[in-house]
Structure formats: structure tokens, C-alpha cells
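Let me begin by presenting the structure, written as C-alpha cells, before commenting on it.
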Amino acid sequence: MTDFVTETRPCSEETGGRREPIASRGDSGSGAFDGQEATAILEEARASVDPALRTALDALPRALRRIARYHFGWEHADGTPAAGNAGKAIRPALVLTAADALGGPAARAAAVPAAAAVELIHNFTLLHDDVMDRDTTRRHRPTAWTVFGDADAILAGDALQALALGRLAADPHPASAAAVARLAACVVELCAGQQADTAMEKRAPTEVTLDEVLTMAEAKTGALLGCACALGALYAGAPEEDVEALDAFGRQAGLAFQFIDDVIGLWGDPRHTGKPAGADLAARKKSLPVVAALASGTPAAAELAELYTAPYDQGDLERTTRAVERAGGRAWALEQAADRMARAMSELARAVPEPESAGGLLSLAEFVTRRTT
């Protein structure tokens, strides 16, 4: 995979030359990225946030609590305890690491309620997305709607959203009011992105433009990662320009994440992803590589458009995947991921110019864009 960090743009392109971009790990002589630092950050974030999440879920009515605990991997469908996987904790890790980068350990400790709120919002979206997309597997187990039904899964998601905003509003930290307002606005953007995504599924393959799908991807994925970083900056007492720079950093890293995620969705190994290969193609989703392939004007694009117009046939899955790749969709998505990561690095340098302070955020950004298929 492309070494995204070494392709950072000159700062003048994105920031008017105010500060120099952070050096890549390779340039600083520390060697290839191995993910160990990011893994440690994620594990620490999970350990910090999980108690707050469990306390939050305890406040739910029993029936909704059971669905939420199942979704988080903490209970089996029958309500007995489980040692499941509650996810990588990327978003709460961004909150805590941003707070630490701009305000030190005290700010990081204070930001735990904000990190928990972001994780609750993320899981609200997952519960709803699984229903809308009819996904049957998440984190290597049946999705909540397949176990408890559509209505209960949707209502559990609604409850998680309310918990997130309510508990954050009750936090006595002076930044909580601004954090609630920012997180609520992010939820609206997330919903707009999901609405655009589902609406695109009903349109002809050649009617969706790259600009539309990029705007949708920023709203669906980049917005919450940007909000997570911004909330960490708010809890650190950072000035507005640094809050906005970290929001932009998270959004660009989120777009890079989405490009890679879409590539994995088409070419990933189900044993690693926990989802069946080609699910997006079966649903005729206008993912980033697919739209780029459709817009390429190549013979493979015409073949792909024909396949996407016809009802899904399992026998055409391999042919469809090959058409996306031959039309340049995979290569374009990987190139775009590199470009968005470069922009993210420039934004990070605006708020946190010292490489040592920025190291945790850089490691997390590298982690989410260096997954393999």
C-alpha cells in the first residue's frame, strides 16, 4: 500500500504557509510504521472509556439495555455475559489523544465523558446503518436487527443517541455546552450523509457524480472523526482556530479511512473484515471506487453500468468486482486516500506543530489508513 505519510504536501497549499508540515516517521528515522503505538493508544482509550459506556448503558430500560449490550459485544443474545469485541475505539481515542496533545494528561482525563459520548453516537449510527443496509454481520456476529428485529434495533440506536447528548450535557466541564452543540450538529450531518447514501442507491449508476459521493462520504465518515478531534481540543481549552484545524484533520483522515474501507469492502478477506465480500456490490451501493469506475469512460465502466442496472446475481459478483478494478476504481481510491492523508497532516500541523505532541494523532491516522485487504 502507498506510504501515505511521506507524501505530505507543502504547508503553503493548505495553510498559507503558516507552519511547516509534521515530518513523517520515515523522514525522522524511526522506520516503517508497525501500528504498535496506535494499538497501545486504542487499548488505553478502550480501557478509559468502557467503564463510562457501561455506566451509561446501565441507565437504559432493561429491554433496550439488553440490545445495546449485545451490540457492544458484552452479552449474548440470551443476556448472558460475553467477552465480545466492542470495536477498535478509534473515535474515543481521537478525542482523548487530541485533548492530550493540546492540554496534557489532565485534559485527557477530563475528556473521558466526551470520548464516551462520541462512541455512543458512533454505535447509534451502526445500529441504524445495519438495519437500512440489511447487513447481517458485524464484528463477526449477527447484527442486532437480525436478533431482536428492526424496531428494537432502531429504538436502541435512538436511546444511545439520547444517552450521548444527555450525559455530555450533564458533564460539569466548562467545554461541555460547546461540545454538545458540536456533537448534535454532527449527528444532523451524519443523518444527511446517510440519507444521501440511501437515495443514491435508487438512482441510475451513471447519474451519481464523484462530487456527490465525496460530499456524502465526508458527512457519513469524516464528520464524526472531525468532531471527535474537535471535542478533544475543546476539552483542552484550545483556541477556536486549533479546534477547527483538528476538525479538518479528522475529516480528511476520515475520508482517507473511507476510501480504504470501500476498497476493503470490495476486495477484503471476510475472515478479517467480519463481513461478506461484495456486500456493497450486492446492494448496488455507489461506493467511492464504484462511482470513480463508472465515471472513467472506459469499456469496463460501460460493463459495470450494465451490471449495476441489472438485478443482482451472485454469479456476477466476481465479474463486477473485476470491472471496478479494470475501470480504475481501486487505483483511484488508493490515490485519493494518500491525498486526503496528506491534507490531514497539513491540518494537524496547524494546531500541533511539534512532532512529539502530534505523534499520537499521527499514529491513529496512519493506523486507520494502513489496513490491508
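Residues are referred to by chain and number: the chain letter is A, B, ... according to the order shown in the C-alpha cells, the number counts from 1 in that chain, and ligands are numbered separately from 1 in the order shown.
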
| field | Residues within 7 Å of Ala327 in chain A, only C-alpha atoms, excluding chain neighbours under 6 positions, as a PyMOL selection string | value | chain A and resi 293+296+298+300-301

For the selection just defined, write its residues with N, CA and C atoms to a file, as a CSV table (one decimal), in the first residue's frame.
chain,number,residue,atom,x,y,z
A,293,ALA,N,-15.1,4.4,-11.0
A,293,ALA,CA,-15.0,3.4,-12.1
A,293,ALA,C,-16.1,3.8,-13.1
A,296,SER,N,-15.2,6.7,-15.4
A,296,SER,CA,-14.0,6.6,-16.1
A,296,SER,C,-14.1,6.7,-17.6
A,298,THR,N,-14.4,4.3,-19.6
A,298,THR,CA,-13.8,3.1,-20.2
A,298,THR,C,-14.8,2.0,-20.6
A,300,ALA,N,-14.8,-0.9,-19.5
A,300,ALA,CA,-15.1,-1.6,-18.2
A,300,ALA,C,-16.2,-0.8,-17.5
A,301,ALA,N,-16.2,0.6,-17.6
A,301,ALA,CA,-17.2,1.4,-17.0
A,301,ALA,C,-18.6,1.1,-17.6

| request: Would you list the contacts of Gln194 in chain A as a PyMOL selection string, taking every protein, DNA or RNA residue within 12 Å and counting only C-alpha atoms, but skipping same-chain residues closer than 6 positions in sequence? | output: chain A and resi 125-126+128-130+132-133+187-188+200-201+213+215-221+223+285

| request: For Ala162 in chain A, work out the shell of residues within 10 Å, counting only C-alpha atoms and skipping chain neighbours fewer than 6 positions away, then give it as a PyMOL selection string. | output: chain A and resi 117+120-121+124+156+168

Within 9 Å of range 231-251 of chain A, which residues of range 25-116 of chain A show up? Give each one with its shortest atom-to-atom distance in Å (one decimal) and the two atoms involved, counting only C-alpha atoms, rows by chain then rising residue number, as a Markdown table.
| residue | atom | partner | partner_atom | distance |
| --- | --- | --- | --- | --- |
| A:Leu94 | CA | A:Gly232 | CA | 7.3 |
| A:Val95 | CA | A:Gly232 | CA | 4.3 |
| A:Leu96 | CA | A:Gly232 | CA | 5.9 |
| A:Thr97 | CA | A:Gly232 | CA | 7.2 |
| A:Ala98 | CA | A:Gly232 | CA | 4.8 |
| A:Ala99 | CA | A:Gly232 | CA | 4.2 |
| A:Asp100 | CA | A:Ala236 | CA | 7.4 |
| A:Ala101 | CA | A:Ala233 | CA | 8.4 |
| A:Leu102 | CA | A:Ala236 | CA | 5.8 |
| A:Gly103 | CA | A:Ala236 | CA | 4.5 |
| A:Gly104 | CA | A:Ala236 | CA | 7.7 |
| A:Ala106 | CA | A:Ala236 | CA | 8.5 |
| A:Ala107 | CA | A:Ala236 | CA | 5.1 |
| A:Arg108 | CA | A:Ala236 | CA | 7.6 |
| A:Ala110 | CA | A:Tyr235 | CA | 7.0 |
| A:Ala111 | CA | A:Tyr235 | CA | 5.8 |
| A:Ala114 | CA | A:Leu231 | CA | 6.8 |
| A:Ala115 | CA | A:Gly232 | CA | 8.0 |

Written selection (N, CA, C and O atoms) as a short mmCIF file (atom, residue, chain, number, x, y, z; two decimals), in the first residue's frame:
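Ended up saving to selection10.cif:
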data_model
loop_
_atom_site.label_atom_id
_atom_site.label_comp_id
_atom_site.auth_asym_id
_atom_site.auth_seq_id
_atom_site.Cartn_x
_atom_site.Cartn_y
_atom_site.Cartn_z
N LEU A 94 -9.39 9.31 19.42
CA LEU A 94 -9.11 10.62 18.83
C LEU A 94 -9.46 11.74 19.81
O LEU A 94 -8.72 12.73 19.93
N VAL A 95 -10.59 11.62 20.50
CA VAL A 95 -10.96 12.63 21.50
C VAL A 95 -9.87 12.75 22.55
O VAL A 95 -9.38 13.85 22.85
N LEU A 96 -9.49 11.64 23.14
CA LEU A 96 -8.54 11.64 24.25
C LEU A 96 -7.15 12.08 23.79
O LEU A 96 -6.46 12.83 24.49
N THR A 97 -6.74 11.63 22.62
CA THR A 97 -5.40 11.97 22.14
C THR A 97 -5.32 13.43 21.74
O THR A 97 -4.29 14.09 21.96
N ALA A 98 -6.39 13.98 21.15
CA ALA A 98 -6.41 15.41 20.82
C ALA A 98 -6.36 16.25 22.09
O ALA A 98 -5.64 17.26 22.15
N ALA A 99 -7.11 15.85 23.11
CA ALA A 99 -7.08 16.59 24.37
C ALA A 99 -5.69 16.56 24.98
O ALA A 99 -5.18 17.58 25.49
N ASP A 100 -5.05 15.41 24.93
CA ASP A 100 -3.69 15.27 25.47
C ASP A 100 -2.70 16.10 24.68
O ASP A 100 -1.82 16.77 25.25
N ALA A 101 -2.82 16.11 23.35
CA ALA A 101 -1.88 16.84 22.50
C ALA A 101 -1.92 18.34 22.78
O ALA A 101 -0.89 19.03 22.72
N LEU A 102 -3.10 18.87 23.10
CA LEU A 102 -3.25 20.32 23.27
C LEU A 102 -3.32 20.75 24.73
O LEU A 102 -3.13 21.93 25.03
N GLY A 103 -3.61 19.79 25.64
CA GLY A 103 -3.77 20.18 27.04
C GLY A 103 -3.10 19.30 28.06
O GLY A 103 -3.17 19.58 29.26
N GLY A 104 -2.47 18.21 27.60
CA GLY A 104 -1.76 17.35 28.53
C GLY A 104 -2.65 16.31 29.19
O GLY A 104 -3.85 16.21 28.91
N ALA A 106 -4.06 16.02 32.10
CA ALA A 106 -5.25 16.46 32.83
C ALA A 106 -6.42 16.67 31.88
O ALA A 106 -7.56 16.30 32.18
N ALA A 107 -6.16 17.27 30.73
CA ALA A 107 -7.21 17.47 29.74
C ALA A 107 -7.69 16.13 29.21
O ALA A 107 -8.90 15.94 28.96
N ARG A 108 -6.78 15.20 29.02
CA ARG A 108 -7.17 13.88 28.54
C ARG A 108 -8.12 13.21 29.52
O ARG A 108 -9.15 12.65 29.12
N ALA A 110 -10.04 14.62 31.71
CA ALA A 110 -11.31 15.34 31.76
C ALA A 110 -12.19 15.04 30.55
O ALA A 110 -13.42 15.20 30.62
N ALA A 111 -11.58 14.62 29.45
CA ALA A 111 -12.31 14.43 28.19
C ALA A 111 -12.97 13.05 28.08
O ALA A 111 -13.60 12.77 27.05
N ALA A 114 -16.62 13.09 27.05
CA ALA A 114 -16.78 13.43 25.63
C ALA A 114 -16.43 12.25 24.75
O ALA A 114 -17.10 12.00 23.73
N ALA A 115 -15.39 11.51 25.10
CA ALA A 115 -14.99 10.34 24.33
C ALA A 115 -16.09 9.28 24.37
O ALA A 115 -16.40 8.64 23.35
#

| field | Using only C-alpha atoms: which of A:Ala83, A:Ala192, A:Leu288, A:Ala59 has the shortest distance to Gly329 in chain A | value |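 The shortest atom-to-atom distance to Gly329 in chain A comes from A:Leu288.
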
| Close residues, Arg322 in chain A itself excluded, 12 Å, only C-alpha atoms, min 3 positions apart in chain, as number ranges by chain | A: 266-267, 278, 281, 289-290, 293, 300-301, 303-304, 307, 316-319, 325-330

| task | Just the strand (DSSP E or B) stuff from range 46-214 of chain A, please, per backbone DSSP, written as an MDAnalysis selection string. | result | chainID A and resid 75 81 137:138 141:142

Selected residues written out, all heavy atoms, as a JSON list (two decimals), in the first residue's frame:
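Result file out.json:
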[["chain", "number", "residue", "atom", "x", "y", "z"],
["A", 75, "GLU", "N", -22.79, -8.96, 25.91],
["A", 75, "GLU", "CA", -23.74, -10.01, 26.26],
["A", 75, "GLU", "C", -24.07, -10.83, 25.03],
["A", 75, "GLU", "O", -24.00, -10.34, 23.90],
["A", 75, "GLU", "CB", -25.05, -9.43, 26.84],
["A", 75, "GLU", "CG", -24.92, -8.88, 28.23],
["A", 75, "GLU", "CD", -26.26, -8.44, 28.82],
["A", 75, "GLU", "OE1", -27.29, -8.59, 28.11],
["A", 75, "GLU", "OE2", -26.29, -7.95, 29.95],
["A", 81, "PRO", "N", -23.38, -13.05, 30.03],
["A", 81, "PRO", "CA", -22.19, -12.25, 29.74],
["A", 81, "PRO", "C", -21.37, -12.82, 28.59],
["A", 81, "PRO", "O", -21.31, -14.04, 28.39],
["A", 81, "PRO", "CB", -21.40, -12.32, 31.06],
["A", 81, "PRO", "CG", -22.42, -12.63, 32.10],
["A", 81, "PRO", "CD", -23.43, -13.51, 31.43],
["A", 137, "THR", "N", -24.05, -9.17, 9.48],
["A", 137, "THR", "CA", -22.90, -9.49, 10.32],
["A", 137, "THR", "C", -22.15, -8.21, 10.70],
["A", 137, "THR", "O", -21.94, -7.35, 9.84],
["A", 137, "THR", "CB", -21.92, -10.44, 9.60],
["A", 137, "THR", "OG1", -22.63, -11.61, 9.17],
["A", 137, "THR", "CG2", -20.78, -10.85, 10.51],
["A", 138, "ARG", "N", -21.79, -8.10, 11.95],
["A", 138, "ARG", "CA", -20.91, -7.02, 12.41],
["A", 138, "ARG", "C", -20.05, -7.57, 13.53],
["A", 138, "ARG", "O", -20.54, -8.22, 14.45],
["A", 138, "ARG", "CB", -21.71, -5.80, 12.90],
["A", 138, "ARG", "CG", -20.79, -4.66, 13.36],
["A", 138, "ARG", "CD", -21.54, -3.39, 13.66],
["A", 138, "ARG", "NE", -22.14, -2.80, 12.48],
["A", 138, "ARG", "CZ", -21.50, -2.07, 11.57],
["A", 138, "ARG", "NH1", -20.19, -1.88, 11.71],
["A", 138, "ARG", "NH2", -22.13, -1.57, 10.54],
["A", 141, "ARG", "N", -20.35, -11.36, 14.36],
["A", 141, "ARG", "CA", -21.54, -11.95, 14.97],
["A", 141, "ARG", "C", -22.78, -11.34, 14.30],
["A", 141, "ARG", "O", -22.68, -10.31, 13.64],
["A", 141, "ARG", "CB", -21.57, -11.73, 16.49],
["A", 141, "ARG", "CG", -21.75, -10.28, 16.89],
["A", 141, "ARG", "CD", -21.32, -10.00, 18.33],
["A", 141, "ARG", "NE", -21.84, -10.92, 19.31],
["A", 141, "ARG", "CZ", -22.43, -10.54, 20.46],
["A", 141, "ARG", "NH1", -22.60, -9.26, 20.73],
["A", 141, "ARG", "NH2", -22.83, -11.43, 21.33],
["A", 142, "PRO", "N", -23.95, -11.99, 14.44],
["A", 142, "PRO", "CA", -25.16, -11.44, 13.81],
["A", 142, "PRO", "C", -25.47, -10.03, 14.30],
["A", 142, "PRO", "O", -25.29, -9.72, 15.48],
["A", 142, "PRO", "CB", -26.25, -12.44, 14.24],
["A", 142, "PRO", "CG", -25.52, -13.70, 14.51],
["A", 142, "PRO", "CD", -24.19, -13.29, 15.09]]

| Between CA of Ala153 in chain A and CA of Leu127 in chain A, distance in Å (one decimal) |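 Separation between CA of Ala153 in chain A and CA of Leu127 in chain A: 6.1 Å.
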
| field | Residue nearest Gly87 in chain A among A:Asp50, A:Glu347, A:Glu335, A:Asp313 (counting only C-alpha atoms) | value | A:Asp50

| field | Neighbour list for Tyr70 in chain A as a PyMOL selection string, cut-off 10 Å, only C-alpha atoms, skip fewer than 3 positions in-chain | value | chain A and resi 64-67+73-82+84+86+141-144+147-148

Keeping only C-alpha atoms, write the selected residues to a file as a PDB file, in the first residue's frame.
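The result, written out as part.pdb:
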ATOM      1  CA  LEU A  64     -33.047  -1.553  25.425  1.00  0.00           C
ATOM      2  CA  ARG A  65     -30.071  -2.221  27.693  1.00  0.00           C
ATOM      3  CA  ARG A  66     -30.033  -5.871  26.605  1.00  0.00           C
ATOM      4  CA  ILE A  67     -29.943  -4.915  22.897  1.00  0.00           C
ATOM      5  CA  GLY A  73     -20.388  -7.479  22.453  1.00  0.00           C
ATOM      6  CA  TRP A  74     -20.815  -7.589  26.212  1.00  0.00           C
ATOM      7  CA  GLU A  75     -23.737 -10.015  26.263  1.00  0.00           C
ATOM      8  CA  HIS A  76     -25.011 -12.911  24.203  1.00  0.00           C
ATOM      9  CA  ALA A  77     -28.484 -12.774  22.705  1.00  0.00           C
ATOM     10  CA  ASP A  78     -29.879 -14.575  25.764  1.00  0.00           C
ATOM     11  CA  GLY A  79     -28.471 -11.921  28.099  1.00  0.00           C
ATOM     12  CA  THR A  80     -25.596 -13.974  29.490  1.00  0.00           C
ATOM     13  CA  PRO A  81     -22.187 -12.249  29.745  1.00  0.00           C
ATOM     14  CA  ALA A  82     -19.911 -12.315  26.702  1.00  0.00           C
ATOM     15  CA  GLY A  84     -17.007  -9.801  22.773  1.00  0.00           C
ATOM     16  CA  ALA A  86     -16.757  -3.604  21.258  1.00  0.00           C
ATOM     17  CA  ARG A 141     -21.545 -11.947  14.972  1.00  0.00           C
ATOM     18  CA  PRO A 142     -25.156 -11.444  13.814  1.00  0.00           C
ATOM     19  CA  THR A 143     -26.247  -7.803  13.769  1.00  0.00           C
ATOM     20  CA  ALA A 144     -28.742  -6.610  16.383  1.00  0.00           C
ATOM     21  CA  VAL A 147     -31.546 -10.998  16.530  1.00  0.00           C
ATOM     22  CA  PHE A 148     -34.053  -8.549  18.040  1.00  0.00           C
TER      23      PHE A 148
END

| request: Using only C-alpha atoms, determine which residues lie at most 12 Å from Pro270 in chain A, disregarding the query and same-chain residues fewer than 5 positions distant; provide the list as a count of residues only. | output: 12

| message | Using DSSP assignments from the backbone, pull out every residue in range 39-275 of chain A that falls under helix (DSSP H, G or I) and give it to me as a ChimeraX atom specification. | response | /A:39-58,62-72,90-110,112-133,144-148,150-169,176-201,205-207,210-235,240-267,270-273

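Contact shell of Ala177 in chain A at 12 Å (only C-alpha atoms; same-chain neighbours under 3 positions omitted): Ala114, Leu165, Gly166, Arg167, Leu168, Ala169, Ala170, Asp171, Pro172, His173, Pro174, Val180, Ala181, Arg182, Leu183, Ala184, Leu231, Leu234 and Tyr235 of chain A.
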